[in-house]
file upload_12.txt (compact mmCIF, N, CA and C atoms)
# COMPACT_ATOMS: atom_id res chain seq x y z
N MET A 665 83.31 88.40 75.42
CA MET A 665 84.43 88.39 76.36
C MET A 665 85.54 89.28 75.80
N THR A 666 86.01 90.23 76.61
CA THR A 666 86.99 91.20 76.14
C THR A 666 88.17 91.28 77.09
N THR A 667 88.82 90.18 77.35
CA THR A 667 89.95 90.21 78.28
C THR A 667 91.25 90.47 77.53
N TRP A 668 92.35 90.47 78.25
CA TRP A 668 93.67 90.76 77.68
C TRP A 668 94.17 89.60 76.82
N GLU A 669 95.12 89.90 75.97
CA GLU A 669 95.87 88.87 75.26
C GLU A 669 96.82 88.26 76.29
N PRO A 670 96.85 86.94 76.43
CA PRO A 670 97.69 86.33 77.48
C PRO A 670 99.17 86.68 77.39
N ALA A 671 99.68 86.92 76.18
CA ALA A 671 101.11 87.20 76.02
C ALA A 671 101.44 88.69 76.10
N ALA A 672 100.44 89.54 76.32
CA ALA A 672 100.69 90.98 76.37
C ALA A 672 101.54 91.34 77.59
N ALA A 673 102.29 92.42 77.47
CA ALA A 673 103.16 92.87 78.55
C ALA A 673 102.38 93.11 79.84
N GLY A 674 102.88 92.57 80.95
CA GLY A 674 102.31 92.81 82.26
C GLY A 674 101.10 91.97 82.60
N VAL A 675 100.66 91.09 81.71
CA VAL A 675 99.45 90.32 81.97
C VAL A 675 99.78 89.09 82.82
N LEU A 676 99.04 88.96 83.90
CA LEU A 676 99.16 87.81 84.80
C LEU A 676 97.97 86.91 84.57
N ALA A 677 98.24 85.64 84.28
CA ALA A 677 97.18 84.64 84.16
C ALA A 677 97.00 83.99 85.53
N LEU A 678 95.81 84.11 86.07
CA LEU A 678 95.49 83.46 87.34
C LEU A 678 95.11 82.01 87.08
N PRO A 679 95.18 81.15 88.08
CA PRO A 679 94.87 79.73 87.86
C PRO A 679 93.50 79.48 87.23
N SER A 680 92.52 80.34 87.52
CA SER A 680 91.17 80.16 86.96
C SER A 680 91.10 80.50 85.48
N GLY A 681 92.16 81.13 84.95
CA GLY A 681 92.15 81.59 83.57
C GLY A 681 91.89 83.08 83.45
N ARG A 682 91.49 83.72 84.54
CA ARG A 682 91.30 85.17 84.49
C ARG A 682 92.65 85.82 84.18
N LEU A 683 92.59 86.91 83.39
CA LEU A 683 93.80 87.65 83.02
C LEU A 683 93.69 89.06 83.60
N VAL A 684 94.75 89.50 84.27
CA VAL A 684 94.80 90.84 84.86
C VAL A 684 96.13 91.46 84.47
N ARG A 685 96.09 92.73 84.06
CA ARG A 685 97.35 93.40 83.70
C ARG A 685 97.83 94.24 84.87
N GLY A 686 99.09 94.08 85.21
CA GLY A 686 99.76 94.95 86.18
C GLY A 686 100.55 95.99 85.41
N ARG A 687 100.65 97.20 85.99
CA ARG A 687 101.34 98.26 85.27
C ARG A 687 101.82 99.33 86.23
N GLY A 688 102.88 100.00 85.84
CA GLY A 688 103.37 101.17 86.55
C GLY A 688 102.84 102.42 85.87
N LEU A 689 102.15 103.27 86.62
CA LEU A 689 101.54 104.46 86.04
C LEU A 689 102.56 105.51 85.59
N ARG A 690 103.77 105.43 86.07
CA ARG A 690 104.77 106.40 85.62
C ARG A 690 105.35 106.03 84.25
N HIS A 691 104.97 104.87 83.74
CA HIS A 691 105.38 104.44 82.41
C HIS A 691 104.26 104.73 81.42
N PRO A 692 104.58 104.89 80.16
CA PRO A 692 103.53 105.15 79.17
C PRO A 692 102.53 103.99 79.09
N LEU A 693 101.32 104.33 78.75
CA LEU A 693 100.28 103.32 78.56
C LEU A 693 100.71 102.41 77.41
N PRO A 694 100.68 101.10 77.61
CA PRO A 694 101.09 100.19 76.53
C PRO A 694 100.18 100.34 75.30
N GLU A 695 100.74 100.02 74.16
CA GLU A 695 99.97 100.02 72.91
C GLU A 695 98.89 98.94 73.00
N GLY A 696 97.85 99.11 72.20
CA GLY A 696 96.82 98.09 72.12
C GLY A 696 95.60 98.41 72.94
N ALA A 697 94.91 97.36 73.35
CA ALA A 697 93.64 97.50 74.06
C ALA A 697 93.81 98.30 75.35
N ARG A 698 92.78 99.03 75.69
CA ARG A 698 92.74 99.82 76.91
C ARG A 698 92.01 99.03 78.01
N PRO A 699 92.30 99.33 79.26
CA PRO A 699 91.53 98.68 80.33
C PRO A 699 90.06 99.09 80.26
N GLU A 700 89.22 98.26 80.79
CA GLU A 700 87.82 98.61 80.98
C GLU A 700 87.58 98.99 82.44
N PHE A 701 88.46 98.50 83.30
CA PHE A 701 88.39 98.79 84.73
C PHE A 701 89.81 98.79 85.28
N ALA A 702 90.12 99.75 86.14
CA ALA A 702 91.45 99.82 86.74
C ALA A 702 91.34 100.03 88.24
N LEU A 703 92.25 99.41 88.95
CA LEU A 703 92.41 99.60 90.38
C LEU A 703 93.74 100.31 90.58
N HIS A 704 93.68 101.58 91.03
CA HIS A 704 94.88 102.39 91.22
C HIS A 704 95.27 102.39 92.70
N LEU A 705 96.52 102.09 92.96
CA LEU A 705 97.04 101.97 94.33
C LEU A 705 98.13 103.02 94.53
N LEU A 706 97.74 104.17 95.01
CA LEU A 706 98.66 105.30 95.14
C LEU A 706 98.41 106.05 96.44
N GLY A 707 99.43 106.78 96.88
CA GLY A 707 99.31 107.59 98.08
C GLY A 707 98.43 108.81 97.90
N ARG A 708 98.28 109.28 96.66
CA ARG A 708 97.38 110.40 96.38
C ARG A 708 96.54 110.11 95.16
N ARG A 709 95.48 110.84 95.02
CA ARG A 709 94.50 110.60 93.96
C ARG A 709 95.19 110.59 92.59
N PRO A 710 94.93 109.56 91.80
CA PRO A 710 95.54 109.49 90.47
C PRO A 710 94.83 110.41 89.49
N PRO A 711 95.47 110.68 88.35
CA PRO A 711 94.79 111.47 87.32
C PRO A 711 93.58 110.70 86.78
N GLU A 712 92.64 111.42 86.24
CA GLU A 712 91.45 110.80 85.63
C GLU A 712 91.87 109.97 84.43
N VAL A 713 91.13 108.88 84.21
CA VAL A 713 91.35 108.03 83.03
C VAL A 713 90.03 107.90 82.28
N GLU A 714 90.09 107.40 81.07
CA GLU A 714 88.91 107.28 80.20
C GLU A 714 88.05 106.08 80.54
N TRP A 715 88.51 105.20 81.41
CA TRP A 715 87.78 103.99 81.76
C TRP A 715 87.42 104.04 83.24
N GLU A 716 86.54 103.15 83.64
CA GLU A 716 86.13 103.10 85.03
C GLU A 716 87.32 102.72 85.91
N SER A 717 87.42 103.34 87.06
CA SER A 717 88.54 103.03 87.95
C SER A 717 88.15 103.22 89.41
N ARG A 718 88.92 102.59 90.26
CA ARG A 718 88.81 102.76 91.72
C ARG A 718 90.20 103.14 92.22
N TRP A 719 90.21 103.98 93.25
CA TRP A 719 91.48 104.38 93.87
C TRP A 719 91.46 103.93 95.31
N VAL A 720 92.54 103.27 95.70
CA VAL A 720 92.77 102.91 97.09
C VAL A 720 94.02 103.64 97.55
N ARG A 721 93.89 104.42 98.62
CA ARG A 721 95.06 105.14 99.15
C ARG A 721 96.05 104.13 99.71
N TRP A 722 97.27 104.15 99.15
CA TRP A 722 98.27 103.16 99.53
C TRP A 722 99.64 103.80 99.33
N PRO A 723 100.27 104.27 100.40
CA PRO A 723 101.59 104.90 100.29
C PRO A 723 102.64 103.90 99.76
N ASP A 724 103.58 104.42 99.01
CA ASP A 724 104.64 103.59 98.44
C ASP A 724 105.39 102.83 99.54
N PHE A 725 105.63 101.56 99.30
CA PHE A 725 106.34 100.63 100.18
C PHE A 725 105.55 100.21 101.42
N TRP A 726 104.30 100.63 101.56
CA TRP A 726 103.53 100.31 102.75
C TRP A 726 102.34 99.42 102.41
N LEU A 727 101.26 99.59 103.13
CA LEU A 727 100.05 98.79 102.95
C LEU A 727 98.87 99.73 102.75
N PRO A 728 97.74 99.21 102.25
CA PRO A 728 96.59 100.08 102.03
C PRO A 728 96.13 100.74 103.33
N LYS A 729 95.76 102.01 103.24
CA LYS A 729 95.30 102.75 104.41
C LYS A 729 93.95 102.22 104.90
N ASP A 730 93.09 101.84 103.97
CA ASP A 730 91.76 101.33 104.31
C ASP A 730 91.67 99.90 103.78
N ARG A 731 91.98 98.96 104.63
CA ARG A 731 92.04 97.55 104.19
C ARG A 731 90.69 96.99 103.76
N PRO A 732 89.58 97.30 104.44
CA PRO A 732 88.29 96.82 103.93
C PRO A 732 87.96 97.38 102.54
N ALA A 733 88.29 98.65 102.30
CA ALA A 733 88.05 99.25 100.97
C ALA A 733 88.92 98.56 99.92
N PHE A 734 90.16 98.25 100.29
CA PHE A 734 91.03 97.54 99.37
C PHE A 734 90.46 96.16 99.04
N ALA A 735 90.04 95.43 100.07
CA ALA A 735 89.49 94.09 99.85
C ALA A 735 88.26 94.14 98.95
N ALA A 736 87.39 95.12 99.16
CA ALA A 736 86.19 95.25 98.33
C ALA A 736 86.55 95.59 96.89
N ALA A 737 87.48 96.52 96.70
CA ALA A 737 87.90 96.89 95.34
C ALA A 737 88.59 95.72 94.64
N LEU A 738 89.37 94.96 95.39
CA LEU A 738 90.07 93.82 94.81
C LEU A 738 89.08 92.72 94.40
N ARG A 739 88.08 92.49 95.23
CA ARG A 739 87.05 91.50 94.87
C ARG A 739 86.30 91.94 93.61
N GLU A 740 86.03 93.23 93.50
CA GLU A 740 85.40 93.74 92.28
C GLU A 740 86.31 93.50 91.07
N ALA A 741 87.59 93.80 91.23
CA ALA A 741 88.54 93.57 90.13
C ALA A 741 88.57 92.10 89.73
N TRP A 742 88.59 91.21 90.72
CA TRP A 742 88.63 89.77 90.44
C TRP A 742 87.38 89.34 89.68
N GLU A 743 86.22 89.79 90.15
CA GLU A 743 84.96 89.42 89.48
C GLU A 743 84.93 89.94 88.05
N ARG A 744 85.33 91.18 87.86
CA ARG A 744 85.27 91.79 86.53
C ARG A 744 86.28 91.19 85.58
N ALA A 745 87.38 90.67 86.11
CA ALA A 745 88.42 90.07 85.25
C ALA A 745 87.91 88.83 84.52
N GLY A 746 86.78 88.29 84.93
CA GLY A 746 86.21 87.14 84.24
C GLY A 746 85.83 87.44 82.81
N ASP A 747 85.44 88.70 82.53
CA ASP A 747 85.05 89.02 81.15
C ASP A 747 85.36 90.46 80.75
N GLU A 748 86.22 91.12 81.50
CA GLU A 748 86.63 92.48 81.16
C GLU A 748 88.15 92.61 81.26
N ARG A 749 88.69 93.65 80.63
CA ARG A 749 90.12 93.96 80.75
C ARG A 749 90.33 94.76 82.04
N VAL A 750 90.92 94.12 83.03
CA VAL A 750 91.16 94.72 84.34
C VAL A 750 92.65 94.99 84.49
N GLU A 751 92.97 96.18 85.00
CA GLU A 751 94.35 96.57 85.23
C GLU A 751 94.51 96.94 86.70
N VAL A 752 95.63 96.54 87.28
CA VAL A 752 96.01 96.93 88.64
C VAL A 752 97.30 97.73 88.49
N ALA A 753 97.33 98.92 89.08
CA ALA A 753 98.49 99.78 88.83
C ALA A 753 98.85 100.63 90.04
N CYS A 754 100.16 100.79 90.23
CA CYS A 754 100.71 101.74 91.19
C CYS A 754 101.72 102.58 90.40
N ALA A 755 102.57 103.31 91.06
CA ALA A 755 103.52 104.16 90.34
C ALA A 755 104.53 103.34 89.53
N GLY A 756 105.17 102.36 90.18
CA GLY A 756 106.20 101.59 89.51
C GLY A 756 105.76 100.25 88.96
N GLY A 757 104.64 99.74 89.44
CA GLY A 757 104.13 98.46 88.94
C GLY A 757 104.72 97.24 89.60
N ARG A 758 105.39 97.40 90.73
CA ARG A 758 106.04 96.26 91.38
C ARG A 758 105.52 95.98 92.78
N GLY A 759 105.77 96.89 93.71
CA GLY A 759 105.46 96.62 95.11
C GLY A 759 103.98 96.54 95.41
N ARG A 760 103.29 97.67 95.28
CA ARG A 760 101.85 97.68 95.57
C ARG A 760 101.08 96.86 94.54
N THR A 761 101.44 97.02 93.27
CA THR A 761 100.78 96.23 92.22
C THR A 761 101.02 94.75 92.43
N GLY A 762 102.26 94.37 92.70
CA GLY A 762 102.57 92.96 92.94
C GLY A 762 101.84 92.41 94.15
N THR A 763 101.74 93.22 95.20
CA THR A 763 101.03 92.79 96.40
C THR A 763 99.55 92.57 96.09
N ALA A 764 98.95 93.49 95.35
CA ALA A 764 97.54 93.34 94.98
C ALA A 764 97.34 92.14 94.07
N LEU A 765 98.25 91.94 93.12
CA LEU A 765 98.13 90.77 92.24
C LEU A 765 98.25 89.47 93.04
N ALA A 766 99.13 89.45 94.03
CA ALA A 766 99.26 88.26 94.87
C ALA A 766 97.98 88.04 95.67
N CYS A 767 97.35 89.12 96.14
CA CYS A 767 96.07 88.98 96.84
C CYS A 767 94.98 88.50 95.88
N LEU A 768 95.02 88.94 94.63
CA LEU A 768 94.10 88.41 93.62
C LEU A 768 94.31 86.91 93.43
N ALA A 769 95.57 86.50 93.43
CA ALA A 769 95.87 85.07 93.30
C ALA A 769 95.27 84.30 94.48
N VAL A 770 95.30 84.88 95.67
CA VAL A 770 94.69 84.24 96.84
C VAL A 770 93.18 84.10 96.61
N LEU A 771 92.54 85.18 96.14
CA LEU A 771 91.11 85.12 95.84
C LEU A 771 90.82 84.04 94.79
N ASP A 772 91.77 83.80 93.92
CA ASP A 772 91.62 82.84 92.83
C ASP A 772 91.97 81.42 93.26
N GLY A 773 92.36 81.22 94.51
CA GLY A 773 92.61 79.88 95.02
C GLY A 773 94.04 79.52 95.35
N VAL A 774 94.99 80.41 95.09
CA VAL A 774 96.38 80.14 95.45
C VAL A 774 96.52 80.31 96.96
N PRO A 775 97.10 79.36 97.67
CA PRO A 775 97.29 79.54 99.12
C PRO A 775 98.11 80.80 99.41
N GLY A 776 97.74 81.51 100.48
CA GLY A 776 98.42 82.75 100.82
C GLY A 776 99.92 82.64 100.92
N HIS A 777 100.41 81.53 101.47
CA HIS A 777 101.86 81.38 101.64
C HIS A 777 102.57 81.09 100.30
N GLU A 778 101.82 80.84 99.22
CA GLU A 778 102.42 80.59 97.90
C GLU A 778 102.18 81.72 96.91
N ALA A 779 101.33 82.67 97.26
CA ALA A 779 100.89 83.68 96.31
C ALA A 779 102.00 84.62 95.85
N VAL A 780 102.90 85.02 96.74
CA VAL A 780 103.99 85.91 96.33
C VAL A 780 104.88 85.20 95.32
N ALA A 781 105.23 83.96 95.58
CA ALA A 781 106.06 83.19 94.63
C ALA A 781 105.34 83.04 93.29
N TYR A 782 104.03 82.83 93.33
CA TYR A 782 103.26 82.70 92.09
C TYR A 782 103.37 83.97 91.25
N VAL A 783 103.16 85.12 91.89
CA VAL A 783 103.21 86.39 91.16
C VAL A 783 104.64 86.70 90.70
N ARG A 784 105.62 86.38 91.51
CA ARG A 784 107.00 86.61 91.07
C ARG A 784 107.37 85.71 89.89
N ALA A 785 106.83 84.52 89.83
CA ALA A 785 107.12 83.61 88.73
C ALA A 785 106.36 83.98 87.46
N HIS A 786 105.15 84.53 87.60
CA HIS A 786 104.29 84.74 86.44
C HIS A 786 104.06 86.20 86.06
N TYR A 787 104.53 87.13 86.89
CA TYR A 787 104.36 88.56 86.58
C TYR A 787 105.70 89.29 86.59
N SER A 788 106.35 89.36 87.75
CA SER A 788 107.64 90.06 87.88
C SER A 788 108.41 89.49 89.06
N ALA A 789 109.66 89.21 88.82
CA ALA A 789 110.53 88.70 89.89
C ALA A 789 110.70 89.73 91.01
N HIS A 790 110.38 90.99 90.73
CA HIS A 790 110.54 92.08 91.71
C HIS A 790 109.23 92.44 92.41
N ALA A 791 108.17 91.69 92.16
CA ALA A 791 106.87 92.00 92.76
C ALA A 791 106.90 91.78 94.27
N VAL A 792 106.14 92.59 94.98
CA VAL A 792 106.00 92.53 96.43
C VAL A 792 107.37 92.85 97.06
N GLU A 793 107.53 94.11 97.46
CA GLU A 793 108.86 94.61 97.80
C GLU A 793 109.25 94.54 99.27
N THR A 794 108.31 94.47 100.19
CA THR A 794 108.68 94.56 101.60
C THR A 794 108.21 93.33 102.38
N PRO A 795 108.84 93.08 103.52
CA PRO A 795 108.40 91.96 104.36
C PRO A 795 106.95 92.11 104.82
N TRP A 796 106.52 93.34 105.14
CA TRP A 796 105.13 93.53 105.60
C TRP A 796 104.14 93.33 104.45
N GLN A 797 104.55 93.61 103.21
CA GLN A 797 103.67 93.29 102.07
C GLN A 797 103.55 91.77 101.91
N ARG A 798 104.64 91.05 102.09
CA ARG A 798 104.58 89.58 102.01
C ARG A 798 103.67 89.01 103.11
N ARG A 799 103.78 89.53 104.32
CA ARG A 799 102.91 89.07 105.41
C ARG A 799 101.45 89.40 105.13
N PHE A 800 101.21 90.57 104.57
CA PHE A 800 99.85 90.98 104.22
C PHE A 800 99.22 89.99 103.25
N VAL A 801 99.98 89.59 102.24
CA VAL A 801 99.47 88.61 101.27
C VAL A 801 99.21 87.28 101.96
N ALA A 802 100.14 86.82 102.78
CA ALA A 802 99.99 85.52 103.43
C ALA A 802 98.75 85.47 104.31
N ARG A 803 98.34 86.62 104.85
CA ARG A 803 97.18 86.67 105.75
C ARG A 803 95.89 87.09 105.05
N PHE A 804 95.99 87.44 103.77
CA PHE A 804 94.83 87.95 103.04
C PHE A 804 93.84 86.83 102.76
N GLY A 805 92.54 87.17 102.80
CA GLY A 805 91.57 86.16 102.38
C GLY A 805 90.35 86.08 103.24

call {"tool": "encode", "arguments": {"input": "upload_12.txt", "output": "C-alpha cells"}}
result
Amino acid sequence: MTTWEPAAAGVLALPSGRLVRGRGLRHPLPEGARPEFALHLLGRRPPEVEWESRWVRWPDFWLPKDRPAFAAALREAWERAGDERVEVACAGGRGRTGTALACLAVLDGVPGHEAVAYVRAHYSAHAVETPWQRRFVARFG
C-alpha cells in the first residue's frame, strides 16, 4: 500500500480511509512522495508528468465539459486511491479541485448535500467556488 501520509499538505481523508491529495498546478510540486495517478482538471491540456494521469477539460469557475468522462475518471481515481497515491489538481487547487474532491466524497458515501461542507472542513475552506459547482456536487452520484 503506497498512499499519502495523512498529515501531508493538501491530503483529504475520505470517510472510508482513502487518502487523496488536492493541489494547484500553478504551485510547485510539494516535497516528498510523488503521485502515482493524477486527475487534471483544466481548460487546456496540462503539461506531461512522470506519472499516469487523466485530463478532463474543465474551464476555470465552470463545470466539466464532458460530464460522463469526468465521472469515469473520478471513479477511477476513487478506486485507485485505495492503494495508490492519487492527486486531483486544477490551476489553483480550490474550485475545480474542491468540486472534484466533494464528488469523490459522494462516491465514498457522503450525502451530496453534505459533501461541499465535508471538503471545506477537511481540505480547504475555499473549496468549491461557485453556486453551480455546489449544485453539481449535490446532484452527483

call {"tool": "atom_distance", "arguments": {"input": "upload_12.txt", "atom1": "CA of Trp715 (chain A)", "atom2": "atom C of Phe800 (chain A)"}}
result
28.1 Å

call {"tool": "select_by_dssp", "arguments": {"input": "upload_12.txt", "residues": "region 666-795 of chain A", "states": "strand (DSSP E)", "output": "compact mmCIF listing (two decimals) with N, CA and C atoms, keeping the file's coordinate frame"}}
result
# COMPACT_ATOMS: atom_id res chain seq x y z
N VAL A 675 100.66 91.09 81.71
CA VAL A 675 99.45 90.32 81.97
C VAL A 675 99.78 89.09 82.82
N LEU A 676 99.04 88.96 83.90
CA LEU A 676 99.16 87.81 84.80
C LEU A 676 97.97 86.91 84.57
N ALA A 677 98.24 85.64 84.28
CA ALA A 677 97.18 84.64 84.16
C ALA A 677 97.00 83.99 85.53
N LEU A 683 92.59 86.91 83.39
CA LEU A 683 93.80 87.65 83.02
C LEU A 683 93.69 89.06 83.60
N VAL A 684 94.75 89.50 84.27
CA VAL A 684 94.80 90.84 84.86
C VAL A 684 96.13 91.46 84.47
N ARG A 685 96.09 92.73 84.06
CA ARG A 685 97.35 93.40 83.70
C ARG A 685 97.83 94.24 84.87
N GLY A 686 99.09 94.08 85.21
CA GLY A 686 99.76 94.95 86.18
C GLY A 686 100.55 95.99 85.41
N ARG A 687 100.65 97.20 85.99
CA ARG A 687 101.34 98.26 85.27
C ARG A 687 101.82 99.33 86.23
N GLY A 688 102.88 100.00 85.84
CA GLY A 688 103.37 101.17 86.55
C GLY A 688 102.84 102.42 85.87
N PHE A 701 88.46 98.50 83.30
CA PHE A 701 88.39 98.79 84.73
C PHE A 701 89.81 98.79 85.28
N ALA A 702 90.12 99.75 86.14
CA ALA A 702 91.45 99.82 86.74
C ALA A 702 91.34 100.03 88.24
N LEU A 703 92.25 99.41 88.95
CA LEU A 703 92.41 99.60 90.38
C LEU A 703 93.74 100.31 90.58
N HIS A 704 93.68 101.58 91.03
CA HIS A 704 94.88 102.39 91.22
C HIS A 704 95.27 102.39 92.70
N LEU A 705 96.52 102.09 92.96
CA LEU A 705 97.04 101.97 94.33
C LEU A 705 98.13 103.02 94.53
N LEU A 706 97.74 104.17 95.01
CA LEU A 706 98.66 105.30 95.14
C LEU A 706 98.41 106.05 96.44
N GLU A 716 86.54 103.15 83.64
CA GLU A 716 86.13 103.10 85.03
C GLU A 716 87.32 102.72 85.91
N SER A 717 87.42 103.34 87.06
CA SER A 717 88.54 103.03 87.95
C SER A 717 88.15 103.22 89.41
N ARG A 718 88.92 102.59 90.26
CA ARG A 718 88.81 102.76 91.72
C ARG A 718 90.20 103.14 92.22
N TRP A 719 90.21 103.98 93.25
CA TRP A 719 91.48 104.38 93.87
C TRP A 719 91.46 103.93 95.31
N VAL A 720 92.54 103.27 95.70
CA VAL A 720 92.77 102.91 97.09
C VAL A 720 94.02 103.64 97.55
N ARG A 721 93.89 104.42 98.62
CA ARG A 721 95.06 105.14 99.15
C ARG A 721 96.05 104.13 99.71
N VAL A 750 90.92 94.12 83.03
CA VAL A 750 91.16 94.72 84.34
C VAL A 750 92.65 94.99 84.49
N GLU A 751 92.97 96.18 85.00
CA GLU A 751 94.35 96.57 85.23
C GLU A 751 94.51 96.94 86.70
N VAL A 752 95.63 96.54 87.28
CA VAL A 752 96.01 96.93 88.64
C VAL A 752 97.30 97.73 88.49
N ALA A 753 97.33 98.92 89.08
CA ALA A 753 98.49 99.78 88.83
C ALA A 753 98.85 100.63 90.04
N CYS A 754 100.16 100.79 90.23
CA CYS A 754 100.71 101.74 91.19
C CYS A 754 101.72 102.58 90.40

call {"tool": "closest_residue", "arguments": {"input": "upload_12.txt", "among": "A:Val684, A:Glu751, A:Pro670, A:Trp722", "to": "Arg698 (chain A)", "atoms": "only C-alpha atoms"}}
result
A:Glu751

call {"tool": "residues_around", "arguments": {"input": "upload_12.txt", "residues": "region 699-711 of chain A", "least_positions_apart": "6", "cutoff": "5 Å", "atoms": "all atoms listed in the file", "output": "list in words"}}
result
Ser717, Arg718, Trp719, Val720, Arg721, Trp722, Pro723, Arg749, Val750, Glu751, Val752, Ala753 and Cys754 of chain A

call {"tool": "residues_around", "arguments": {"input": "upload_12.txt", "residues": "region 780-788 of chain A", "least_positions_apart": "2", "cutoff": "6 Å", "atoms": "only N, CA and C atoms", "output": "PyMOL selection string"}}
result
chain A and resi 675-676+766+776-778+790-791

call {"tool": "closest_residue", "arguments": {"input": "upload_12.txt", "among": "A:Phe804, A:Trp796, A:Trp668, A:Phe725", "to": "Gly759 (chain A)", "atoms": "only N, CA and C atoms"}}
result
A:Phe725

call {"tool": "atom_distance", "arguments": {"input": "upload_12.txt", "atom1": "CA of Ala733 (chain A)", "atom2": "CA of Ala672 (chain A)"}}
result
28.9 Å

call {"tool": "atom_distance", "arguments": {"input": "upload_12.txt", "atom1": "CA of Ser680 (chain A)", "atom2": "atom N of Asp772 (chain A)"}}
result
7.9 Å

call {"tool": "decode", "arguments": {"input": "upload_12.txt", "residues": "region 702-715 of chain A", "atoms": "N, CA, C and O atoms", "output": "PDB file, in the first residue's frame"}}
result
ATOM      1  N   ALA A 702      -2.825  10.930 -11.392  1.00  0.00           N
ATOM      2  CA  ALA A 702      -3.348  12.285 -11.209  1.00  0.00           C
ATOM      3  C   ALA A 702      -4.531  12.514 -12.135  1.00  0.00           C
ATOM      4  O   ALA A 702      -4.557  12.029 -13.269  1.00  0.00           O
ATOM      5  N   LEU A 703      -5.486  13.255 -11.639  1.00  0.00           N
ATOM      6  CA  LEU A 703      -6.628  13.715 -12.417  1.00  0.00           C
ATOM      7  C   LEU A 703      -6.487  15.222 -12.539  1.00  0.00           C
ATOM      8  O   LEU A 703      -6.575  15.938 -11.541  1.00  0.00           O
ATOM      9  N   HIS A 704      -6.221  15.695 -13.773  1.00  0.00           N
ATOM     10  CA  HIS A 704      -6.019  17.118 -14.032  1.00  0.00           C
ATOM     11  C   HIS A 704      -7.296  17.726 -14.595  1.00  0.00           C
ATOM     12  O   HIS A 704      -7.851  17.209 -15.571  1.00  0.00           O
ATOM     13  N   LEU A 705      -7.721  18.819 -13.997  1.00  0.00           N
ATOM     14  CA  LEU A 705      -8.976  19.489 -14.354  1.00  0.00           C
ATOM     15  C   LEU A 705      -8.656  20.893 -14.845  1.00  0.00           C
ATOM     16  O   LEU A 705      -8.575  21.836 -14.058  1.00  0.00           O
ATOM     17  N   LEU A 706      -8.467  21.026 -16.137  1.00  0.00           N
ATOM     18  CA  LEU A 706      -8.037  22.295 -16.723  1.00  0.00           C
ATOM     19  C   LEU A 706      -8.762  22.556 -18.034  1.00  0.00           C
ATOM     20  O   LEU A 706      -9.231  21.621 -18.687  1.00  0.00           O
ATOM     21  N   GLY A 707      -8.802  23.830 -18.418  1.00  0.00           N
ATOM     22  CA  GLY A 707      -9.422  24.207 -19.675  1.00  0.00           C
ATOM     23  C   GLY A 707      -8.613  23.804 -20.895  1.00  0.00           C
ATOM     24  O   GLY A 707      -9.153  23.652 -21.983  1.00  0.00           O
ATOM     25  N   ARG A 708      -7.302  23.617 -20.726  1.00  0.00           N
ATOM     26  CA  ARG A 708      -6.458  23.139 -21.821  1.00  0.00           C
ATOM     27  C   ARG A 708      -5.530  22.046 -21.334  1.00  0.00           C
ATOM     28  O   ARG A 708      -5.325  21.897 -20.144  1.00  0.00           O
ATOM     29  N   ARG A 709      -4.996  21.313 -22.259  1.00  0.00           N
ATOM     30  CA  ARG A 709      -4.171  20.147 -21.941  1.00  0.00           C
ATOM     31  C   ARG A 709      -3.027  20.540 -20.999  1.00  0.00           C
ATOM     32  O   ARG A 709      -2.318  21.505 -21.256  1.00  0.00           O
ATOM     33  N   PRO A 710      -2.856  19.794 -19.918  1.00  0.00           N
ATOM     34  CA  PRO A 710      -1.773  20.107 -18.980  1.00  0.00           C
ATOM     35  C   PRO A 710      -0.433  19.613 -19.514  1.00  0.00           C
ATOM     36  O   PRO A 710      -0.380  18.777 -20.427  1.00  0.00           O
ATOM     37  N   PRO A 711       0.652  20.101 -18.925  1.00  0.00           N
ATOM     38  CA  PRO A 711       1.962  19.577 -19.314  1.00  0.00           C
ATOM     39  C   PRO A 711       2.084  18.096 -18.922  1.00  0.00           C
ATOM     40  O   PRO A 711       1.392  17.631 -18.017  1.00  0.00           O
ATOM     41  N   GLU A 712       2.948  17.392 -19.601  1.00  0.00           N
ATOM     42  CA  GLU A 712       3.197  15.984 -19.290  1.00  0.00           C
ATOM     43  C   GLU A 712       3.795  15.862 -17.890  1.00  0.00           C
ATOM     44  O   GLU A 712       4.526  16.742 -17.433  1.00  0.00           O
ATOM     45  N   VAL A 713       3.456  14.763 -17.224  1.00  0.00           N
ATOM     46  CA  VAL A 713       4.026  14.458 -15.907  1.00  0.00           C
ATOM     47  C   VAL A 713       4.652  13.066 -15.959  1.00  0.00           C
ATOM     48  O   VAL A 713       4.411  12.295 -16.901  1.00  0.00           O
ATOM     49  N   GLU A 714       5.435  12.742 -14.952  1.00  0.00           N
ATOM     50  CA  GLU A 714       6.164  11.469 -14.909  1.00  0.00           C
ATOM     51  C   GLU A 714       5.290  10.303 -14.471  1.00  0.00           C
ATOM     52  O   GLU A 714       5.726   9.162 -14.517  1.00  0.00           O
ATOM     53  N   TRP A 715       4.080  10.569 -14.014  1.00  0.00           N
ATOM     54  CA  TRP A 715       3.184   9.526 -13.522  1.00  0.00           C
ATOM     55  C   TRP A 715       1.949   9.467 -14.413  1.00  0.00           C
ATOM     56  O   TRP A 715       1.700  10.363 -15.219  1.00  0.00           O
TER      57      TRP A 715
END
